[in-house]
Structures are given as structure tokens and as C-alpha cells.
file protein34.cif (mmCIF, C-alpha atoms)
data_run
#
loop_
_atom_site.group_PDB
_atom_site.id
_atom_site.type_symbol
_atom_site.label_atom_id
_atom_site.label_comp_id
_atom_site.auth_asym_id
_atom_site.auth_seq_id
_atom_site.Cartn_x
_atom_site.Cartn_y
_atom_site.Cartn_z
ATOM 1 C CA MET D 1238 119.326 311.677 16.374
ATOM 2 C CA THR D 1239 118.713 309.553 13.287
ATOM 3 C CA VAL D 1240 121.508 309.641 10.693
ATOM 4 C CA ARG D 1241 120.242 309.399 7.136
ATOM 5 C CA PRO D 1242 121.643 309.840 3.633
ATOM 6 C CA PRO D 1243 121.129 313.490 2.608
ATOM 7 C CA ASP D 1244 119.876 312.710 -0.883
ATOM 8 C CA VAL D 1245 116.908 310.441 -0.064
ATOM 9 C CA LEU D 1246 114.279 312.750 1.403
ATOM 10 C CA ALA D 1247 113.077 316.133 0.241
ATOM 11 C CA PRO D 1248 114.086 318.991 2.576
ATOM 12 C CA ALA D 1249 110.726 319.039 4.390
ATOM 13 C CA LEU D 1250 111.385 315.635 5.980
ATOM 14 C CA ARG D 1251 115.090 315.934 6.714
ATOM 15 C CA GLY D 1252 114.563 317.554 10.106
ATOM 16 C CA VAL D 1253 112.397 314.809 11.628
ATOM 17 C CA ASP D 1254 113.375 311.539 13.282
ATOM 18 C CA ALA D 1255 110.160 309.536 12.739
ATOM 19 C CA VAL D 1256 106.967 309.678 10.674
ATOM 20 C CA VAL D 1257 103.417 308.694 11.623
ATOM 21 C CA PHE D 1258 101.078 307.956 8.702
ATOM 22 C CA ASP D 1259 97.293 307.971 8.775
ATOM 23 C CA THR D 1260 95.874 304.947 6.933
ATOM 24 C CA ASP D 1261 92.716 305.688 4.914
ATOM 25 C CA GLY D 1262 93.482 308.012 2.031
ATOM 26 C CA VAL D 1263 97.179 308.261 2.939
ATOM 27 C CA ILE D 1264 98.533 304.707 2.815
ATOM 28 C CA THR D 1265 95.587 302.872 1.266
ATOM 29 C CA ASP D 1266 93.086 303.913 -1.375
ATOM 30 C CA SER D 1267 90.234 303.172 1.021
ATOM 31 C CA ALA D 1268 88.802 306.635 1.710
ATOM 32 C CA ARG D 1269 86.615 306.390 -1.399
ATOM 33 C CA VAL D 1270 85.193 303.077 -0.159
ATOM 34 C CA HIS D 1271 84.481 304.612 3.251
ATOM 35 C CA ALA D 1272 82.828 307.608 1.554
ATOM 36 C CA ALA D 1273 80.621 305.383 -0.618
ATOM 37 C CA ALA D 1274 79.526 303.343 2.386
ATOM 38 C CA TRP D 1275 78.736 306.481 4.370
ATOM 39 C CA LYS D 1276 76.735 307.890 1.458
ATOM 40 C CA THR D 1277 74.507 304.824 1.288
ATOM 41 C CA ALA D 1278 73.995 304.778 5.070
ATOM 42 C CA PHE D 1279 73.263 308.510 5.371
ATOM 43 C CA ASP D 1280 71.052 308.721 2.286
ATOM 44 C CA GLU D 1281 68.951 305.842 3.644
ATOM 45 C CA GLN D 1282 68.573 307.712 6.935
ATOM 46 C CA LEU D 1283 67.623 310.964 5.168
ATOM 47 C CA ALA D 1284 64.994 309.126 3.110
ATOM 48 C CA VAL D 1285 63.386 307.352 6.069
ATOM 49 C CA HIS D 1286 63.637 310.267 8.527
ATOM 50 C CA PRO D 1287 63.843 313.460 6.440
ATOM 51 C CA PRO D 1288 64.787 316.671 8.297
ATOM 52 C CA ALA D 1289 62.014 319.216 8.830
ATOM 53 C CA ASP D 1290 63.827 321.786 6.672
ATOM 54 C CA PRO D 1291 63.621 320.716 2.987
ATOM 55 C CA ALA D 1292 67.030 322.297 2.331
ATOM 56 C CA GLN D 1293 68.566 319.799 4.755
ATOM 57 C CA ARG D 1294 67.234 316.787 2.862
ATOM 58 C CA ARG D 1295 69.822 316.880 0.093
ATOM 59 C CA PRO D 1296 71.858 313.678 -0.308
ATOM 60 C CA PHE D 1297 75.192 313.176 1.441
ATOM 61 C CA ASP D 1298 78.030 314.534 -0.688
ATOM 62 C CA ALA D 1299 80.724 311.852 -0.887
ATOM 63 C CA ARG D 1300 83.437 314.476 -1.251
ATOM 64 C CA ASP D 1301 82.518 317.648 0.635
ATOM 65 C CA ASP D 1302 80.392 316.166 3.435
ATOM 66 C CA TYR D 1303 82.796 313.270 3.826
ATOM 67 C CA LEU D 1304 85.799 315.563 4.233
ATOM 68 C CA ARG D 1305 83.983 317.964 6.550
ATOM 69 C CA TYR D 1306 82.173 315.617 8.898
ATOM 70 C CA VAL D 1307 83.429 312.034 8.882
ATOM 71 C CA ASP D 1308 86.921 311.719 7.395
ATOM 72 C CA GLY D 1309 89.443 310.853 10.090
ATOM 73 C CA ARG D 1310 86.868 310.463 12.858
ATOM 74 C CA SER D 1311 85.605 307.346 14.589
ATOM 75 C CA ARG D 1312 82.399 305.901 13.120
ATOM 76 C CA LEU D 1313 80.200 307.112 15.971
ATOM 77 C CA ASP D 1314 81.755 310.591 15.993
ATOM 78 C CA GLY D 1315 81.423 310.864 12.211
ATOM 79 C CA ALA D 1316 77.818 309.706 12.205
ATOM 80 C CA ALA D 1317 76.920 312.157 14.971
ATOM 81 C CA ALA D 1318 78.701 315.076 13.272
ATOM 82 C CA PHE D 1319 76.907 314.642 9.959
ATOM 83 C CA LEU D 1320 73.480 314.020 11.501
ATOM 84 C CA ALA D 1321 73.878 317.142 13.639
ATOM 85 C CA SER D 1322 74.760 319.149 10.517
ATOM 86 C CA ARG D 1323 71.333 318.216 9.103
ATOM 87 C CA ASP D 1324 69.490 319.016 12.357
ATOM 88 C CA ILE D 1325 68.646 315.369 12.984
ATOM 89 C CA ASP D 1326 68.154 314.557 16.669
ATOM 90 C CA LEU D 1327 71.215 312.781 17.975
ATOM 91 C CA VAL D 1328 69.378 309.880 19.542
ATOM 92 C CA ALA D 1329 72.012 307.320 20.514
ATOM 93 C CA GLU D 1330 70.154 304.491 18.785
ATOM 94 C CA THR D 1331 69.997 306.443 15.514
ATOM 95 C CA VAL D 1332 73.686 307.338 15.574
ATOM 96 C CA ARG D 1333 74.633 303.749 16.352
ATOM 97 C CA ALA D 1334 72.317 302.323 13.673
ATOM 98 C CA VAL D 1335 73.769 304.557 10.952
ATOM 99 C CA ALA D 1336 77.333 303.763 12.061
ATOM 100 C CA GLU D 1337 76.631 300.024 12.087
ATOM 101 C CA ARG D 1338 74.992 300.156 8.659
ATOM 102 C CA LYS D 1339 78.072 301.946 7.293
ATOM 103 C CA GLU D 1340 80.312 299.331 8.922
ATOM 104 C CA ARG D 1341 78.477 296.453 7.232
ATOM 105 C CA LEU D 1342 78.591 298.157 3.835
ATOM 106 C CA PHE D 1343 82.298 298.950 4.124
ATOM 107 C CA THR D 1344 83.184 295.424 5.210
ATOM 108 C CA GLU D 1345 81.225 293.893 2.323
ATOM 109 C CA ARG D 1346 82.958 296.122 -0.228
ATOM 110 C CA LEU D 1347 86.395 295.644 1.298
ATOM 111 C CA ARG D 1348 86.154 291.868 1.200
ATOM 112 C CA ALA D 1349 84.592 291.784 -2.249
ATOM 113 C CA HIS D 1350 87.034 294.108 -3.992
ATOM 114 C CA GLY D 1351 90.113 294.536 -1.783
ATOM 115 C CA ILE D 1352 92.177 297.693 -1.299
ATOM 116 C CA ALA D 1353 95.417 298.914 -2.894
ATOM 117 C CA ALA D 1354 98.190 301.019 -1.379
ATOM 118 C CA TYR D 1355 99.178 304.270 -3.065
ATOM 119 C CA PRO D 1356 102.448 303.692 -4.972
ATOM 120 C CA GLY D 1357 103.879 307.070 -3.968
ATOM 121 C CA THR D 1358 103.256 306.328 -0.299
ATOM 122 C CA VAL D 1359 104.911 302.917 -0.592
ATOM 123 C CA ARG D 1360 107.976 304.489 -2.220
ATOM 124 C CA LEU D 1361 108.224 307.066 0.553
ATOM 125 C CA VAL D 1362 107.835 304.515 3.351
ATOM 126 C CA ARG D 1363 110.456 302.251 1.789
ATOM 127 C CA ALA D 1364 112.840 305.184 1.438
ATOM 128 C CA LEU D 1365 112.310 306.073 5.096
ATOM 129 C CA CYS D 1366 113.010 302.465 6.056
ATOM 130 C CA ARG D 1367 116.245 302.484 4.032
ATOM 131 C CA ALA D 1368 117.171 305.696 5.830
ATOM 132 C CA SER D 1369 116.542 304.002 9.218
ATOM 133 C CA THR D 1370 113.717 306.434 10.014
ATOM 134 C CA PRO D 1371 111.048 304.772 12.204
ATOM 135 C CA VAL D 1372 107.544 304.771 10.716
ATOM 136 C CA ALA D 1373 104.135 304.099 12.256
ATOM 137 C CA ALA D 1374 100.612 303.734 10.918
ATOM 138 C CA ALA D 1375 97.738 305.178 12.922
ATOM 139 C CA SER D 1376 94.020 305.056 12.234
ATOM 140 C CA ALA D 1377 90.697 305.460 14.022
ATOM 141 C CA SER D 1378 89.448 302.518 11.957
ATOM 142 C CA ARG D 1379 89.245 299.027 13.414
ATOM 143 C CA HIS D 1380 89.916 297.795 9.866
ATOM 144 C CA ALA D 1381 93.395 299.317 9.643
ATOM 145 C CA ARG D 1382 95.326 296.085 10.213
ATOM 146 C CA GLU D 1383 93.192 294.221 7.670
ATOM 147 C CA LEU D 1384 93.547 297.062 5.157
ATOM 148 C CA LEU D 1385 97.327 297.186 5.467
ATOM 149 C CA THR D 1386 97.575 293.399 5.316
ATOM 150 C CA ARG D 1387 95.401 293.150 2.208
ATOM 151 C CA ALA D 1388 97.429 295.928 0.572
ATOM 152 C CA GLY D 1389 100.649 294.022 1.344
ATOM 153 C CA VAL D 1390 102.306 296.822 3.317
ATOM 154 C CA LEU D 1391 101.744 296.011 7.006
ATOM 155 C CA ASP D 1392 105.310 294.752 7.431
ATOM 156 C CA LEU D 1393 106.736 298.110 6.306
ATOM 157 C CA PHE D 1394 105.626 299.777 9.548
ATOM 158 C CA ASP D 1395 107.334 299.509 12.908
ATOM 159 C CA THR D 1396 104.041 299.836 14.779
ATOM 160 C CA LEU D 1397 100.316 300.256 14.201
ATOM 161 C CA VAL D 1398 97.788 302.002 16.429
ATOM 162 C CA ASP D 1399 94.281 301.244 15.139
ATOM 163 C CA GLY D 1400 90.726 301.774 16.309
ATOM 164 C CA GLY D 1401 90.778 298.632 18.399
ATOM 165 C CA GLU D 1402 93.880 299.788 20.248
ATOM 166 C CA ALA D 1403 92.402 303.268 20.653
ATOM 167 C CA ALA D 1404 89.302 301.792 22.302
ATOM 168 C CA ARG D 1405 91.375 299.528 24.555
ATOM 169 C CA LEU D 1406 93.562 302.428 25.703
ATOM 170 C CA GLY D 1407 90.727 304.949 25.933
ATOM 171 C CA LEU D 1408 92.309 307.289 23.380
ATOM 172 C CA ALA D 1409 90.185 310.253 22.343
ATOM 173 C CA GLY D 1410 89.314 310.588 18.667
ATOM 174 C CA LYS D 1411 90.538 313.223 16.260
ATOM 175 C CA PRO D 1412 90.863 316.206 16.314
ATOM 176 C CA ARG D 1413 92.419 315.242 19.667
ATOM 177 C CA PRO D 1414 96.030 314.095 19.095
ATOM 178 C CA ASP D 1415 95.927 310.985 21.318
ATOM 179 C CA LEU D 1416 96.194 308.451 18.482
ATOM 180 C CA PHE D 1417 99.257 310.095 16.957
ATOM 181 C CA LEU D 1418 100.915 310.699 20.312
ATOM 182 C CA GLU D 1419 100.555 307.003 21.159
ATOM 183 C CA ALA D 1420 102.131 306.064 17.812
ATOM 184 C CA ALA D 1421 105.051 308.430 18.441
ATOM 185 C CA ARG D 1422 105.449 307.037 21.966
ATOM 186 C CA ARG D 1423 105.704 303.512 20.568
ATOM 187 C CA LEU D 1424 108.374 304.663 18.141
ATOM 188 C CA GLY D 1425 110.305 306.204 21.019
ATOM 189 C CA VAL D 1426 110.384 309.639 19.389
ATOM 190 C CA PRO D 1427 108.893 312.793 20.972
ATOM 191 C CA ALA D 1428 106.202 314.552 18.964
ATOM 192 C CA GLY D 1429 108.469 317.567 18.552
ATOM 193 C CA ARG D 1430 110.850 315.416 16.483
ATOM 194 C CA CYS D 1431 108.162 313.549 14.545
ATOM 195 C CA ALA D 1432 106.061 314.217 11.412
ATOM 196 C CA VAL D 1433 102.396 313.349 10.911
ATOM 197 C CA VAL D 1434 100.967 312.662 7.451
ATOM 198 C CA GLU D 1435 97.188 313.081 7.118
ATOM 199 C CA ASP D 1436 94.495 313.685 4.511
ATOM 200 C CA ALA D 1437 91.638 314.589 6.892
ATOM 201 C CA LEU D 1438 90.886 318.021 8.328
ATOM 202 C CA ALA D 1439 90.402 316.504 11.783
ATOM 203 C CA GLY D 1440 93.705 314.676 11.353
ATOM 204 C CA VAL D 1441 95.863 317.673 10.477
ATOM 205 C CA GLU D 1442 94.241 319.541 13.351
ATOM 206 C CA ALA D 1443 95.190 316.652 15.642
ATOM 207 C CA GLY D 1444 98.789 316.813 14.433
ATOM 208 C CA ARG D 1445 98.938 320.528 15.135
ATOM 209 C CA ARG D 1446 97.381 320.121 18.600
ATOM 210 C CA GLY D 1447 99.868 317.374 19.410
ATOM 211 C CA GLY D 1448 102.867 319.615 18.844
ATOM 212 C CA PHE D 1449 104.333 317.533 16.020
ATOM 213 C CA ALA D 1450 107.351 318.965 14.264
ATOM 214 C CA LEU D 1451 105.776 318.705 10.816
ATOM 215 C CA VAL D 1452 102.184 318.135 9.704
ATOM 216 C CA VAL D 1453 101.852 317.060 6.081
ATOM 217 C CA GLY D 1454 98.432 317.344 4.470
ATOM 218 C CA VAL D 1455 97.625 315.016 1.571
ATOM 219 C CA ASP D 1456 95.114 316.482 -0.875
ATOM 220 C CA ARG D 1457 93.696 313.540 -2.815
ATOM 221 C CA ALA D 1458 90.455 315.396 -3.588
ATOM 222 C CA HIS D 1459 92.084 318.170 -5.662
ATOM 223 C CA GLY D 1460 89.039 320.335 -4.965
ATOM 224 C CA PRO D 1461 88.957 324.126 -5.329
ATOM 225 C CA ASP D 1462 89.513 324.673 -1.596
ATOM 226 C CA THR D 1463 90.731 321.323 -0.259
ATOM 227 C CA ALA D 1464 94.424 322.216 -0.030
ATOM 228 C CA ALA D 1465 93.639 325.583 1.571
ATOM 229 C CA ALA D 1466 91.352 323.862 4.097
ATOM 230 C CA LEU D 1467 94.133 321.469 5.120
ATOM 231 C CA LEU D 1468 96.459 324.431 5.660
ATOM 232 C CA ARG D 1469 93.826 326.291 7.677
ATOM 233 C CA HIS D 1470 93.308 323.296 9.942
ATOM 234 C CA GLY D 1471 96.982 322.837 10.736
ATOM 235 C CA ALA D 1472 99.009 321.397 7.858
ATOM 236 C CA ASP D 1473 102.449 322.916 7.373
ATOM 237 C CA ILE D 1474 102.639 321.741 3.770
ATOM 238 C CA VAL D 1475 100.215 320.047 1.358
ATOM 239 C CA VAL D 1476 101.073 317.512 -1.346
ATOM 240 C CA HIS D 1477 98.964 315.575 -3.823
ATOM 241 C CA ASP D 1478 101.173 312.476 -3.731
ATOM 242 C CA LEU D 1479 103.697 311.441 -1.095
ATOM 243 C CA ALA D 1480 106.368 310.782 -3.709
ATOM 244 C CA GLU D 1481 106.650 314.586 -3.703
ATOM 245 C CA LEU D 1482 108.469 314.192 -0.359
ATOM 246 C CA LEU D 1483 111.296 312.300 -2.051
ATOM 247 C CA GLU D 1484 114.159 313.677 -4.046
ATOM 248 C CA PRO D 1485 113.397 313.161 -7.770
ATOM 249 C CA ASP D 1486 115.756 310.220 -8.295
ATOM 250 C CA GLU D 1487 114.590 308.501 -5.117
ATOM 251 C CA GLY D 1488 110.934 308.949 -6.103
ATOM 252 C CA LEU D 1489 111.492 306.670 -9.092
ATOM 253 C CA ARG D 1490 112.719 303.753 -6.976
ATOM 254 C CA ARG D 1491 110.417 300.882 -6.036
#

call {"tool": "encode", "arguments": {"input": "protein34.cif", "output": "C-alpha cells"}}
result
Amino acid sequence: MTVRPPDVLAPALRGVDAVVFDTDGVITDSARVHAAAWKTAFDEQLAVHPPADPAQRRPFDARDDYLRYVDGRSRLDGAAAFLASRDIDLVAETVRAVAERKERLFTERLRAHGIAAYPGTVRLVRALCRASTPVAAASASRHARELLTRAGVLDLFDTLVDGGEAARLGLAGKPRPDLFLEAARRLGVPAGRCAVVEDALAGVEAGRRGGFALVVGVDRAHGPDTAAALLRHGADIVVHDLAELLEPDEGLRR
């Protein structure tokens, strides 16, 4: 069992021996860039191939639709989920074309503007490292390594399981827990002694299905029902910033 100073972590994290962090929206401020790219790709599809029902032709909502259908999922799964919600035939070529269009848009914006890490997350990860608590990053995105590198935080994590690794290993996408279980396996800590930190509904559901000791939901949206939705889908606790998982004095350290 990991031995750690008692005054570093808030009580919620003191009973776990490792922590697995999702990337987009948890470590890096990249969820908004993903959402913007999805909005462009979906709105183009809705304009060119409008659904038969006029009520289904409304534009993609970069907050609500993003959280409900695509956040935390692989590109193909996210594209299929949203298109199905608008009664658009799930022709494989259409799903792939929308996903590829989103990928190009995201890559262009990432390389033009870069991505920052959330300061509260960085403080928490550094505190965990000082406490000798193993930490992993896990993401369905093939961009995760580039995102963490550009944000200057890749070296804080003991291991990374990204979309490329998931494809190579044949890991199922969220809400299946495969990605997180692989990260915990690489840390050498059973899921029942490990925490998962996620901002996506599919992600907290995956943490719950995987039998993780603690599932932390991160509510960046601050919507009227976003925290409650994370709890309904499997989060044990919900925070707005990960510095909330540090004792007050520790949360001020860099």
C-alpha cells in the first residue's frame, strides 16, 4: 500500500493507491476545441443532408450535444451517436466522412493555437507525484500524446494509454472500462484501489463499470444539470476544479 503524507490530499483521495486521468477536459483545455470542430462538421452534414423531420435540423449544440453524444467517445462512435440522434441513416461512409472532417478541423486548430493544461489539474498531479502515488493519463483520442506534450505535462505521468494504443490492443471504447483498466494494469494497481477522473458521461460510466474505487466527475460546463448528470452516470463526487481534491495549503503550491 502506498504511504503518503496525510496533509497533501483531500480525504476523498486518501484511500486510493493510484489515479487515472482522462485527458480532454480533465488535464488539457482541449474539450472546447473538440466541441468546436464537431460543431462545424455536424452542422455541415445537417445543411447538406437535412433530416426529414424539421425539428431534427437544428444546429449541433457545442455544450449539450457534445456532452451527451460525443464527449469521451472515439470519433467514429461519437459521430454515429449524434447522427443517430437526428435520425440520419448510419451509412458507414457518412459516419467516416463526418469523423474525418472533424479530425482535420481539430488538428488545424490544435497546431495553430496550441493547448494549455488546467492549473488545478497540474497542481493535483504534482502533489500526487510528491506523495509517490502513481498516475496515468488515458484517452480515446489519438492526439493525447501530442496534447500532453504541447501542454508541457507528459512527463508528469507514469504511463499513457491513448487512442492509438486502444486500437492496437483492441480496447473497446467508453462507456466500456477497457481503456481505464489497461491504464490501471500498467500502473500495477487493481481497479479496486484506483481512482478515475473524468469529465464525460461515458467516462464516469466506464469508471463505474470497471469497479474503480473512486470515480471523480469534473464539471467544467457548470450547466444546470451537468453535475447531477455526472452523478447519475456513475461519479462518486463532482468537482469544478481538481485543486478541490487538495488540502487548502497544498492547493496553493505550484

call {"tool": "atom_distance", "arguments": {"input": "protein34.cif", "atom1": "CA of Val1426 in chain D", "atom2": "CA of Glu1383 in chain D"}}
result
25.9 Å

call {"tool": "closest_atom_pairs", "arguments": {"input": "protein34.cif", "of": "range 1250-1312 of chain D", "to": "range 1406-1417 of chain D", "cutoff": "8 Å", "atoms": "all atoms listed in the file", "output": "CSV"}}
result
residue,atom,partner,partner_atom,distance
D:Val1257,CA,D:Phe1417,CA,6.9
D:Gly1309,CA,D:Lys1411,CA,6.7
D:Arg1310,CA,D:Lys1411,CA,5.7
D:Ser1311,CA,D:Gly1410,CA,6.4

call {"tool": "resolve_selection", "arguments": {"input": "protein34.cif", "expression": "the PyMOL selection byres ((chain D and resi 1319) around 9)", "output": "ChimeraX atom specification"}}
result
/D:1279,1297,1302-1303,1305-1307,1314-1318,1320-1325

call {"tool": "residues_around", "arguments": {"input": "protein34.cif", "residues": "Ala1375 in chain D", "least_positions_apart": "2", "cutoff": "10 Å", "atoms": "all atoms listed in the file", "output": "PyMOL selection string"}}
result
chain D and resi 1257-1261+1373+1377-1378+1381-1382+1396-1400+1402-1403+1416-1421+1433-1435

call {"tool": "write_last_selection", "arguments": {"input": "protein34.cif", "atoms": "C-alpha atoms", "output": "PDB file, keeping the file's coordinate frame"}}
result
ATOM      1  CA  VAL D1257     103.417 308.694  11.623  1.00  0.00           C
ATOM      2  CA  PHE D1258     101.078 307.956   8.702  1.00  0.00           C
ATOM      3  CA  ASP D1259      97.293 307.971   8.775  1.00  0.00           C
ATOM      4  CA  THR D1260      95.874 304.947   6.933  1.00  0.00           C
ATOM      5  CA  ASP D1261      92.716 305.688   4.914  1.00  0.00           C
ATOM      6  CA  ALA D1373     104.135 304.099  12.256  1.00  0.00           C
ATOM      7  CA  ALA D1377      90.697 305.460  14.022  1.00  0.00           C
ATOM      8  CA  SER D1378      89.448 302.518  11.957  1.00  0.00           C
ATOM      9  CA  ALA D1381      93.395 299.317   9.643  1.00  0.00           C
ATOM     10  CA  ARG D1382      95.326 296.085  10.213  1.00  0.00           C
ATOM     11  CA  THR D1396     104.041 299.836  14.779  1.00  0.00           C
ATOM     12  CA  LEU D1397     100.316 300.256  14.201  1.00  0.00           C
ATOM     13  CA  VAL D1398      97.788 302.002  16.429  1.00  0.00           C
ATOM     14  CA  ASP D1399      94.281 301.244  15.139  1.00  0.00           C
ATOM     15  CA  GLY D1400      90.726 301.774  16.309  1.00  0.00           C
ATOM     16  CA  GLU D1402      93.880 299.788  20.248  1.00  0.00           C
ATOM     17  CA  ALA D1403      92.402 303.268  20.653  1.00  0.00           C
ATOM     18  CA  LEU D1416      96.194 308.451  18.482  1.00  0.00           C
ATOM     19  CA  PHE D1417      99.257 310.095  16.957  1.00  0.00           C
ATOM     20  CA  LEU D1418     100.915 310.699  20.312  1.00  0.00           C
ATOM     21  CA  GLU D1419     100.555 307.003  21.159  1.00  0.00           C
ATOM     22  CA  ALA D1420     102.131 306.064  17.812  1.00  0.00           C
ATOM     23  CA  ALA D1421     105.051 308.430  18.441  1.00  0.00           C
ATOM     24  CA  VAL D1433     102.396 313.349  10.911  1.00  0.00           C
ATOM     25  CA  VAL D1434     100.967 312.662   7.451  1.00  0.00           C
ATOM     26  CA  GLU D1435      97.188 313.081   7.118  1.00  0.00           C
TER      27      GLU D1435
END

call {"tool": "closest_residue", "arguments": {"input": "protein34.cif", "among": "D:Gly1262, D:Val1256, D:Ala1284, D:Leu1313", "to": "Arg1338 in chain D", "atoms": "only C-alpha atoms"}}
result
D:Leu1313

call {"tool": "closest_atom_pairs", "arguments": {"input": "protein34.cif", "of": "range 1312-1398 of chain D", "to": "range 1247-1253 of chain D", "cutoff": "12 Å", "atoms": "all atoms listed in the file", "output": "JSON lines"}}
result
{"residue": "D:Leu1361", "atom": "CA", "partner": "D:Ala1247", "partner_atom": "CA", "distance": 10.3}
{"residue": "D:Val1362", "atom": "CA", "partner": "D:Leu1250", "partner_atom": "CA", "distance": 12.0}
{"residue": "D:Ala1364", "atom": "CA", "partner": "D:Ala1247", "partner_atom": "CA", "distance": 11.0}
{"residue": "D:Leu1365", "atom": "CA", "partner": "D:Leu1250", "partner_atom": "CA", "distance": 9.6}
{"residue": "D:Ala1368", "atom": "CA", "partner": "D:Arg1251", "partner_atom": "CA", "distance": 10.5}
{"residue": "D:Ser1369", "atom": "CA", "partner": "D:Val1253", "partner_atom": "CA", "distance": 11.8}
{"residue": "D:Thr1370", "atom": "CA", "partner": "D:Val1253", "partner_atom": "CA", "distance": 8.6}
{"residue": "D:Pro1371", "atom": "CA", "partner": "D:Val1253", "partner_atom": "CA", "distance": 10.1}
{"residue": "D:Val1372", "atom": "CA", "partner": "D:Val1253", "partner_atom": "CA", "distance": 11.2}

call {"tool": "atom_distance", "arguments": {"input": "protein34.cif", "atom1": "CA of Asp1301 in chain D", "atom2": "CA of Val1476 in chain D"}}
result
18.7 Å

call {"tool": "residues_around", "arguments": {"input": "protein34.cif", "residues": "Arg1269 in chain D", "least_positions_apart": "4", "cutoff": "12 Å", "atoms": "only C-alpha atoms", "output": "list in words"}}
result
Asp1261, Gly1262, Val1263, Thr1265, Ala1273, Ala1274, Trp1275, Lys1276, Asp1298, Ala1299, Arg1300, Tyr1303, Leu1304, Asp1308, Phe1343, Arg1346, Leu1347, Ile1352, Ala1353, Arg1457 and Ala1458 of chain D

call {"tool": "closest_residue", "arguments": {"input": "protein34.cif", "among": "D:Gly1357, D:Leu1342, D:Ala1255, D:Pro1291", "to": "Ala1278 in chain D", "atoms": "only C-alpha atoms"}}
result
D:Leu1342

call {"tool": "resolve_selection", "arguments": {"input": "protein34.cif", "expression": "the PyMOL selection byres ((chain D and resi 1477) around 9)", "output": "ChimeraX atom specification"}}
result
/D:1454-1459,1464,1475-1476,1478-1481

call {"tool": "closest_residue", "arguments": {"input": "protein34.cif", "among": "D:Leu1451, D:Leu1246, D:Cys1431, D:Val1390", "to": "Pro1356 in chain D", "atoms": "all atoms listed in the file"}}
result
D:Val1390

call {"tool": "atom_distance", "arguments": {"input": "protein34.cif", "atom1": "CA of Val1441 in chain D", "atom2": "CA of Val1245 in chain D"}}
result
24.6 Å
